[in-house]
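Participant: Pasting in a structure now, in structure tokens, and then I'll have a few things to ask.
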6 protein chains.
Amino acid sequence: MKPVAVRHIKRADPQVVDAFADVGVATAHEANDRHGLMKPYLRPVYSGCRVSGSAVTILTQPGDNWMLHVAIELCQPGDILVVGCTADNTDGMFGDLLATSAMARGVRALITDTGVRDVADLQEMNFPVWSKRISAKGTVKETLGSVNIPVVCGGEIVNPGDVIVADDDGVACIPRKSAADVLNAARAREANEGAKREKLASGVLGLDMYQMRERLAESGLVYVDSPEDLDA
Amino acid sequence: MKPVAVRHIKRADPQVVDAFADVGVATAHEANDRHGLMKPYLRPVYSGCRVSGSAVTILTQPGDNWMLHVAIELCQPGDILVVGCTADNTDGMFGDLLATSAMARGVRALITDTGVRDVADLQEMNFPVWSKRISAKGTVKETLGSVNIPVVCGGEIVNPGDVIVADDDGVACIPRKSAADVLNAARAREANEGAKREKLASGVLGLDMYQMRERLAESGLVYVDSPEDLDA
Amino acid sequence: MKPVAVRHIKRADPQVVDAFADVGVATAHEANDRHGLMKPYLRPVYSGCRVSGSAVTILTQPGDNWMLHVAIELCQPGDILVVGCTADNTDGMFGDLLATSAMARGVRALITDTGVRDVADLQEMNFPVWSKRISAKGTVKETLGSVNIPVVCGGEIVNPGDVIVADDDGVACIPRKSAADVLNAARAREANEGAKREKLASGVLGLDMYQMRERLAESGLVYVDSPEDLDA
Amino acid sequence: MKPVAVRHIKRADPQVVDAFADVGVATAHEANDRHGLMKPYLRPVYSGCRVSGSAVTILTQPGDNWMLHVAIELCQPGDILVVGCTADNTDGMFGDLLATSAMARGVRALITDTGVRDVADLQEMNFPVWSKRISAKGTVKETLGSVNIPVVCGGEIVNPGDVIVADDDGVACIPRKSAADVLNAARAREANEGAKREKLASGVLGLDMYQMRERLAESGLVYVDSPEDLDA
Amino acid sequence: MKPVAVRHIKRADPQVVDAFADVGVATAHEANDRHGLMKPYLRPVYSGCRVSGSAVTILTQPGDNWMLHVAIELCQPGDILVVGCTADNTDGMFGDLLATSAMARGVRALITDTGVRDVADLQEMNFPVWSKRISAKGTVKETLGSVNIPVVCGGEIVNPGDVIVADDDGVACIPRKSAADVLNAARAREANEGAKREKLASGVLGLDMYQMRERLAESGLVYVDSPEDLDA
Amino acid sequence: MKPVAVRHIKRADPQVVDAFADVGVATAHEANDRHGLMKPYLRPVYSGCRVSGSAVTILTQPGDNWMLHVAIELCQPGDILVVGCTADNTDGMFGDLLATSAMARGVRALITDTGVRDVADLQEMNFPVWSKRISAKGTVKETLGSVNIPVVCGGEIVNPGDVIVADDDGVACIPRKSAADVLNAARAREANEGAKREKLASGVLGLDMYQMRERLAESGLVYVDSPEDLDA
């Protein structure tokens, strides 16, 4: 594949994109039939953020952050930078200067399958980042990658324009085309949860609320009274 | 082994169980002859908690949290859920709904050799969790495991009714039968530490306080004045 | 190699050593031609610290913290303890008692390629620690190591007397002899950054500020208008 | 727990123990209701071995192989040494001398949650070993562990006298008491496999042989003719 | 995303597909502009194989190999099964029975981001497999995935019909559409290598053959005569 | 540190260097007071090699093998290339072409803290390699490193001219200055082992041969007759 930067990508309806921030990652990926969740090694650099946006994707070479500069020009307000790398790499590809530039373009967050640095500054600037590692290691600008092609980040395929949702539980990627449907499914799930929570808080057991007892017995679960009964 | 749930288990004397929270993990496992410490990959989901309780043990299948519902019914106030898994798994087996249910039963904490989710909610609810990973990944309810059999969590054997102690340093498991003795040994260690701390703070060296100089010399430690002496 | 403790080591000019705390890890290691950065698995036990000091180096055996006591006697105010280990080990070699003793000697921080414990106490005591892991596991005092010889910590060679810089981004080691030069280079970099940050904040792109467009084109980056153009 | 060595343990019927070598690990653990399989990081030091035997269990300290000498005296012909460790450790706790001694006692193999060394010699001696790592690192004899207590090896609980089965696929532990039943179940599985293999070799699909088509449809699997249909 | 199986996919020209086996992985991915190489944790189950084929892709759930049966029906002679998983999983999803079935359909190899088992049988059957892990762990058939959709395997996106090349160096994925061009580029590289190898064998240095000396000097490489000159 | 290549380094007496191949890694590092052993993640690319030589050290940048060409010119017959890297990297920095060139200079082996490729060719060429990983990933020649400065490889400091010993158990580094003494100590150890091996083979226990019984009792090891006695 030749290095390429795609200028214009399709994004989902902004209202849909924004609404995902309220939904959160756990519900969003469940509503997406349990697909699209990035691997849990991606962690927030500082906790307490919840964000959604449209993916501008970047494929970088290990130790090289050149393509991040190319990508920022192609961002619109509401975008989230999503960085994949052609090999395992933990270098600090992004820091306070790139964050300054990204914020000036209206970029909402960075998700990167590499390292980041200047994390104290990033927190002070209120720029949310999910990364594989924190590392002060600087990078060069020598080898090309691409912008706005499908990339792998956190073990998931991200297409440019997909909806990214990120919070303290991790990062999910929702396909652009199905974003509205997934949002509806997510809201349906949520509507359901308040009632469940109340019941459980009042002491109703999940066994009863979800009517599990019969299926457990059918599956072969045996209850015994005490550990001594195990050897009998 | 057939799937089984044991209803009634023996627990240690509640006063002994509760007292371990004051002792902390480092002292508890030292007093237990340096045994029972879970591996350090188990980390608190949020820091600042210190808790002790009686283990209700759960063996789950990867990606399946069915047995957690079975276990909660068998809990008493003061219990701590301890989850082992039949294969490496980081899925988010426990979240705000299960925490709500567990708290309604008086459960004090969760220790899990898997992932957890809804971590922002867990912190808000003040429900302490130590886990291998944070992951939004949902789980199914398809395959049976067991409750209140011996399990491996964090590389340690946990028997139902063992005393669990957890704080920012990690998680320790103290055998039920020796819990009272270990508590006494732990308190003796602690009584000793205040005096040591004062001495060290005043500038007395460990070398002198622990009378190490002679043993170091016997073991063959050589002092030289400067790096240049190393090549002489 | 026989176990040895070197009493007197050369340190860099104290003003140079202290000034590195203002510079921070990212800039310090860049100014050192991108050398000397420890691997990113070394993380602060609690965040928000930034410190510099002179390395007193310790080579320990796995599970054995004997040499830490030997090292503390050889410390001066302004020193930082740097611990390497002869095998991978995560045991909690350092806790509140050793921290008390180290602080009494004016030691500023600990960097260790092992585990630490009593982390809640360490934070309360304001003693900064960067470690590979947090672990309550206690250690013995049975096998000798060495003090103030070259060690490997976080994948980097640390010579006694080298300047250590540590903050939320990680830990860097600057050779004693070149510390003053590196400090000057670091300050030059910093002087430069304020202007850059302002420009980027105003919306100037890195592509233009760093004049990257021509080099990108020469390297072969192709811009296309939309994803459909990729298959053409 | 105090250090202890248990002289006499119960073992399963020798004919049952020996028969497991023919069954292999995959079938053995399936017949054991998919329990007892050690984690896949345990690998044979050289391939092509298949062995079964009675577990003599050893709990060691990291970097210390003292207890292996204690254990060998307590072995009988047909035993397999199973080593757990109180902390993660990869040191080479076992080499050609210990293998010589173990073979003189009729020990059949070693399973260790640590490292081993002299691997070229072990292969030449035909002494099978499954370990976490290969490492030349020597060990000391300074700190006690225990022999013939329950240990964790490869993430599984091993009780002394349990049946160990090991081949190129890994290592399984079958509880002593249920060994005969599990063996029968394993043989039943095997009897079944020959016919299946023939059918599949002749081109019959698993979909048909296991009658999966209906259940797949019920579960919601949709067939489409071409990728273009996905976006329709 | 709903579970789906795509019956008919486009494949590259069979002559192109087959020719890649002669080229090997290192040259193939270099000719593909250094893209498409799967991560090196994917290793051959036994060494000495070199194979190419068309990807039939499978997305599985952890611990569940149901979709492999669905995929085998959709294979043609010359295909290679490529398995991605929705979460990290090392279970043995594939063994001698599935290999028998796959070989009956003309499938050439399996590449899987999970575990495999029956590895001694696989070698005897001459069915090549590259996997993340070897594990005897059995799997269930409970949860749907998909067949012939884009998947991530070894950190790379694989589209159904892409060309897979695998040998002892690893696994590469070449996009279907550019396969012929990449093959030509690969052959050009190879034609070049014989002459280089002869020159280097005769003692010509890479420094001279590649004319590196000038560029090294320009980049700032300094030669000194001895280590003593470093401190001067 | 500025990029530098040191032309002339001191090597140990060639007879001493060569003799280490007979000694092997386990004995060599024991004779070196258990120091100098590289971490066990360094594995031979193919097994059955045992080699010793003088270290020519190389510090590379991740993904860049430029310095290997610089180093080969500075090698003498009997040298071993030892590669450290400024960041974690698994790229295939070395393959059949570089091996051809290295063999033409009389280089005996490569030890690298990165990946290698063309492993089938390397085996056919009989060029031994110990590496962190096998990877087909190609590398660029863009950023300078250094040759013949102290590097870290496998977690150990290697100075140019140090003696490298490598076999199936791993890789050890013996300081040049003490090589002759360590060789003598290693031979003394070996002389001792033949007699021990015979005794152990005849059934003498290590407990008796090493007179451990008394020390075990002093240390507190308690023997009990059966598991039932543990609960008494």
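Residues in the structure tokens are numbered from 1 in each chain, the chains being A, B, ... in the order shown, and ligands are numbered from 1 in the order shown.
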Can you give chain D as a CSV table (one decimal) with C-alpha atoms, in the first residue's frame after you superpose it on chain C, pairing all C-alpha atoms in order for the least-squares fit?

Facilitator:
chain,number,residue,atom,x,y,z
D,1,MET,CA,31.8,-10.1,40.2
D,2,LYS,CA,32.3,-10.0,43.9
D,3,PRO,CA,29.8,-8.1,46.1
D,4,VAL,CA,31.2,-4.6,46.7
D,5,ALA,CA,30.0,-1.3,48.1
D,6,VAL,CA,31.7,1.9,46.9
D,7,ARG,CA,31.7,4.6,49.6
D,8,HIS,CA,32.5,7.7,47.6
D,9,ILE,CA,31.3,8.6,44.2
D,10,LYS,CA,31.5,11.7,42.1
D,11,ARG,CA,28.3,13.6,41.6
D,12,ALA,CA,27.5,16.4,39.2
D,13,ASP,CA,27.3,20.1,40.2
D,14,PRO,CA,24.4,20.3,42.6
D,15,GLN,CA,22.9,23.3,40.8
D,16,VAL,CA,22.9,21.4,37.5
D,17,VAL,CA,21.4,18.4,39.3
D,18,ASP,CA,18.6,20.4,40.8
D,19,ALA,CA,17.9,22.3,37.7
D,20,PHE,CA,16.8,19.2,35.8
D,21,ALA,CA,13.7,19.0,37.9
D,22,ASP,CA,12.4,22.0,36.1
D,23,VAL,CA,13.2,20.6,32.7
D,24,GLY,CA,11.3,17.4,33.0
D,25,VAL,CA,11.9,13.9,31.5
D,26,ALA,CA,10.7,14.4,28.0
D,27,THR,CA,12.9,17.4,27.3
D,28,ALA,CA,15.9,16.0,29.3
D,29,HIS,CA,16.1,12.8,27.3
D,30,GLU,CA,15.6,14.7,24.0
D,31,ALA,CA,18.4,17.1,24.9
D,32,ASN,CA,20.5,14.0,25.6
D,33,ASP,CA,20.2,13.0,22.0
D,34,ARG,CA,17.2,10.7,22.9
D,35,HIS,CA,19.3,8.5,25.0
D,36,GLY,CA,18.9,7.5,28.6
D,37,LEU,CA,15.2,7.1,28.9
D,38,MET,CA,14.1,4.1,31.1
D,39,LYS,CA,11.4,1.8,29.7
D,40,PRO,CA,7.9,3.0,30.2
D,41,TYR,CA,6.9,0.1,32.5
D,42,LEU,CA,8.5,2.1,35.3
D,43,ARG,CA,5.6,4.2,36.6
D,44,PRO,CA,5.2,6.6,39.5
D,45,VAL,CA,3.5,5.0,42.5
D,46,TYR,CA,1.5,8.2,42.8
D,47,SER,CA,1.3,11.0,40.2
D,48,GLY,CA,2.2,14.6,40.3
D,49,CYS,CA,5.9,14.4,41.3
D,50,ARG,CA,8.8,15.8,39.4
D,51,VAL,CA,12.3,15.3,40.9
D,52,SER,CA,16.0,15.2,40.0
D,53,GLY,CA,19.0,13.9,41.9
D,54,SER,CA,22.3,12.0,41.9
D,55,ALA,CA,22.1,8.3,41.4
D,56,VAL,CA,23.2,6.0,44.2
D,57,THR,CA,23.0,2.6,42.5
D,58,ILE,CA,22.1,-0.7,44.0
D,59,LEU,CA,22.2,-4.2,42.5
D,60,THR,CA,19.9,-6.6,44.4
D,61,GLN,CA,19.1,-10.2,44.2
D,62,PRO,CA,15.5,-11.1,43.5
D,63,GLY,CA,13.4,-11.1,46.7
D,64,ASP,CA,16.2,-9.7,48.7
D,65,ASN,CA,16.4,-6.0,49.8
D,66,TRP,CA,19.6,-6.3,52.0
D,67,MET,CA,21.6,-4.0,49.8
D,68,LEU,CA,19.1,-1.1,50.2
D,69,HIS,CA,20.2,-0.8,53.9
D,70,VAL,CA,23.8,-0.7,52.8
D,71,ALA,CA,23.1,2.0,50.2
D,72,ILE,CA,21.2,4.3,52.5
D,73,GLU,CA,24.3,4.8,54.7
D,74,LEU,CA,26.2,5.9,51.6
D,75,CYS,CA,23.7,8.5,50.5
D,76,GLN,CA,23.9,12.3,50.7
D,77,PRO,CA,21.1,14.8,50.7
D,78,GLY,CA,20.0,15.2,47.1
D,79,ASP,CA,20.6,11.5,46.1
D,80,ILE,CA,18.1,9.2,44.4
D,81,LEU,CA,18.2,5.5,45.0
D,82,VAL,CA,18.3,3.5,41.8
D,83,VAL,CA,17.7,-0.3,42.1
D,84,GLY,CA,18.6,-2.9,39.5
D,85,CYS,CA,18.0,-6.6,40.1
D,86,THR,CA,19.9,-9.7,38.8
D,87,ALA,CA,16.6,-11.3,37.6
D,88,ASP,CA,13.1,-10.2,36.9
D,89,ASN,CA,11.4,-9.5,40.3
D,90,THR,CA,8.4,-7.7,41.4
D,91,ASP,CA,8.7,-8.1,45.2
D,92,GLY,CA,8.0,-5.2,47.4
D,93,MET,CA,11.6,-4.4,48.3
D,94,PHE,CA,10.9,-0.9,49.8
D,95,GLY,CA,8.2,0.4,52.1
D,96,ASP,CA,7.5,3.0,54.7
D,97,LEU,CA,10.3,2.0,57.0
D,98,LEU,CA,13.0,2.2,54.4
D,99,ALA,CA,11.4,5.4,53.1
D,100,THR,CA,11.6,6.9,56.6
D,101,SER,CA,15.3,6.0,56.8
D,102,ALA,CA,16.0,7.3,53.3
D,103,MET,CA,14.2,10.6,54.0
D,104,ALA,CA,16.3,11.0,57.2
D,105,ARG,CA,19.4,10.9,55.0
D,106,GLY,CA,18.0,13.5,52.6
D,107,VAL,CA,17.3,11.0,49.8
D,108,ARG,CA,14.8,12.4,47.3
D,109,ALA,CA,13.3,9.5,45.6
D,110,LEU,CA,13.5,5.8,44.7
D,111,ILE,CA,13.6,4.3,41.2
D,112,THR,CA,13.4,0.5,41.3
D,113,ASP,CA,13.3,-2.2,38.7
D,114,THR,CA,11.3,-4.3,41.2
D,115,GLY,CA,8.1,-3.8,43.3
D,116,VAL,CA,7.4,-1.5,46.3
D,117,ARG,CA,4.8,-1.6,49.0
D,118,ASP,CA,3.1,0.6,51.6
D,119,VAL,CA,2.2,2.8,48.7
D,120,ALA,CA,-0.5,4.7,50.7
D,121,ASP,CA,2.1,5.5,53.3
D,122,LEU,CA,4.7,6.6,50.7
D,123,GLN,CA,2.2,9.1,49.2
D,124,GLU,CA,1.3,10.4,52.7
D,125,MET,CA,5.0,10.8,53.5
D,126,ASN,CA,5.5,12.6,50.1
D,127,PHE,CA,8.3,10.2,49.2
D,128,PRO,CA,8.3,9.8,45.4
D,129,VAL,CA,8.8,6.3,43.9
D,130,TRP,CA,8.9,5.0,40.4
D,131,SER,CA,8.7,1.2,40.2
D,132,LYS,CA,7.9,-1.7,37.9
D,133,ARG,CA,5.1,-3.0,40.1
D,134,ILE,CA,3.3,-2.4,43.4
D,135,SER,CA,3.5,-5.6,45.5
D,136,ALA,CA,3.0,-6.3,49.2
D,137,LYS,CA,5.5,-9.2,48.9
D,138,GLY,CA,8.1,-9.0,51.6
D,139,THR,CA,11.8,-9.7,51.0
D,140,VAL,CA,14.6,-11.4,52.9
D,141,LYS,CA,18.2,-10.3,53.7
D,142,GLU,CA,20.2,-13.3,52.7
D,143,THR,CA,22.2,-12.7,49.6
D,144,LEU,CA,24.6,-9.9,48.8
D,145,GLY,CA,24.5,-7.5,45.9
D,146,SER,CA,26.5,-4.4,45.3
D,147,VAL,CA,26.2,-0.6,45.8
D,148,ASN,CA,27.5,2.1,43.5
D,149,ILE,CA,28.5,-0.1,40.6
D,150,PRO,CA,26.9,0.4,37.1
D,151,VAL,CA,23.4,-1.2,37.1
D,152,VAL,CA,20.6,-1.7,34.6
D,153,CYS,CA,17.3,-0.2,35.7
D,154,GLY,CA,14.4,0.1,33.3
D,155,GLY,CA,16.6,-1.2,30.5
D,156,GLU,CA,19.1,1.7,30.8
D,157,ILE,CA,22.7,1.7,32.2
D,158,VAL,CA,22.9,3.9,35.3
D,159,ASN,CA,26.4,4.7,36.6
D,160,PRO,CA,26.7,6.0,40.2
D,161,GLY,CA,26.6,9.8,40.2
D,162,ASP,CA,24.5,10.0,37.0
D,163,VAL,CA,21.7,12.5,37.1
D,164,ILE,CA,18.2,11.0,37.4
D,165,VAL,CA,15.2,13.0,36.3
D,166,ALA,CA,11.7,11.6,36.9
D,167,ASP,CA,8.1,12.9,36.5
D,168,ASP,CA,4.7,11.6,35.3
D,169,ASP,CA,6.2,10.7,31.9
D,170,GLY,CA,8.8,8.4,33.3
D,171,VAL,CA,12.5,8.4,34.3
D,172,ALA,CA,15.6,9.5,32.5
D,173,CYS,CA,19.3,9.0,33.3
D,174,ILE,CA,21.8,11.7,32.2
D,175,PRO,CA,25.5,10.9,32.3
D,176,ARG,CA,27.3,12.8,35.1
D,177,LYS,CA,30.0,14.2,32.8
D,178,SER,CA,27.6,15.6,30.2
D,179,ALA,CA,25.0,16.8,32.6
D,180,ALA,CA,25.8,20.5,32.3
D,181,ASP,CA,25.8,20.4,28.5
D,182,VAL,CA,22.6,18.4,28.4
D,183,LEU,CA,21.0,20.9,30.8
D,184,ASN,CA,21.9,23.8,28.5
D,185,ALA,CA,20.5,22.0,25.4
D,186,ALA,CA,17.3,21.2,27.4
D,187,ARG,CA,16.9,24.9,28.3
D,188,ALA,CA,17.4,25.9,24.7
D,189,ARG,CA,14.7,23.5,23.6
D,190,GLU,CA,12.3,24.8,26.2
D,191,ALA,CA,12.9,28.5,25.3
D,192,ASN,CA,11.8,27.4,21.9
D,193,GLU,CA,8.6,25.7,22.9
D,194,GLY,CA,6.6,28.7,24.2
D,195,ALA,CA,6.5,30.4,20.8
D,196,LYS,CA,5.6,27.2,19.1
D,197,ARG,CA,2.8,26.5,21.5
D,198,GLU,CA,1.3,30.0,20.9
D,199,LYS,CA,1.4,29.6,17.2
D,200,LEU,CA,-0.2,26.2,17.3
D,201,ALA,CA,-2.9,27.4,19.7
D,202,SER,CA,-3.7,30.2,17.2
D,203,GLY,CA,-4.4,27.6,14.5
D,204,VAL,CA,-1.2,27.5,12.6
D,205,LEU,CA,-0.6,23.9,11.5
D,206,GLY,CA,2.5,21.9,12.3
D,207,LEU,CA,2.6,21.2,8.5
D,208,ASP,CA,3.3,24.9,8.0
D,209,MET,CA,5.2,25.8,11.1
D,210,TYR,CA,7.7,23.0,10.6
D,211,GLN,CA,7.6,23.4,6.8
D,212,MET,CA,6.8,19.8,6.2
D,213,ARG,CA,4.7,20.0,3.0
D,214,GLU,CA,7.6,19.8,0.6
D,215,ARG,CA,9.3,16.9,2.3
D,216,LEU,CA,6.0,15.0,2.6
D,217,ALA,CA,5.5,15.3,-1.2
D,218,GLU,CA,9.1,14.3,-1.9
D,219,SER,CA,8.7,11.3,0.3
D,220,GLY,CA,5.7,10.3,-1.8
D,221,LEU,CA,2.7,11.1,0.2
D,222,VAL,CA,-0.3,11.3,-2.1
D,223,TYR,CA,-3.5,13.2,-1.2
D,224,VAL,CA,-6.8,11.9,-2.5
D,225,ASP,CA,-10.1,13.5,-2.1
D,226,SER,CA,-12.2,10.7,-0.8
D,227,PRO,CA,-12.0,7.0,0.1
D,228,GLU,CA,-13.6,6.1,-3.2
D,229,ASP,CA,-10.4,7.4,-4.9
D,230,LEU,CA,-8.4,4.7,-3.2
D,231,ASP,CA,-9.8,1.9,-5.3
D,232,ALA,CA,-9.7,3.8,-8.6

Participant: Going by DSSP on the backbone, which bits of range 77-190 of chain E are strand (DSSP E)? Write them as a PyMOL selection string, please.

Facilitator: chain E and resi 79-85+109-116+129-134+146-147+151-153+156-158+163-167+170-174

Participant: Can you list, as a ChimeraX atom specification, all residues belonging to range 29-202 of chain E that DSSP tags as helix (DSSP H, G or I)?

Facilitator: /E:29-31,66-73,96-104,119-125,179-201
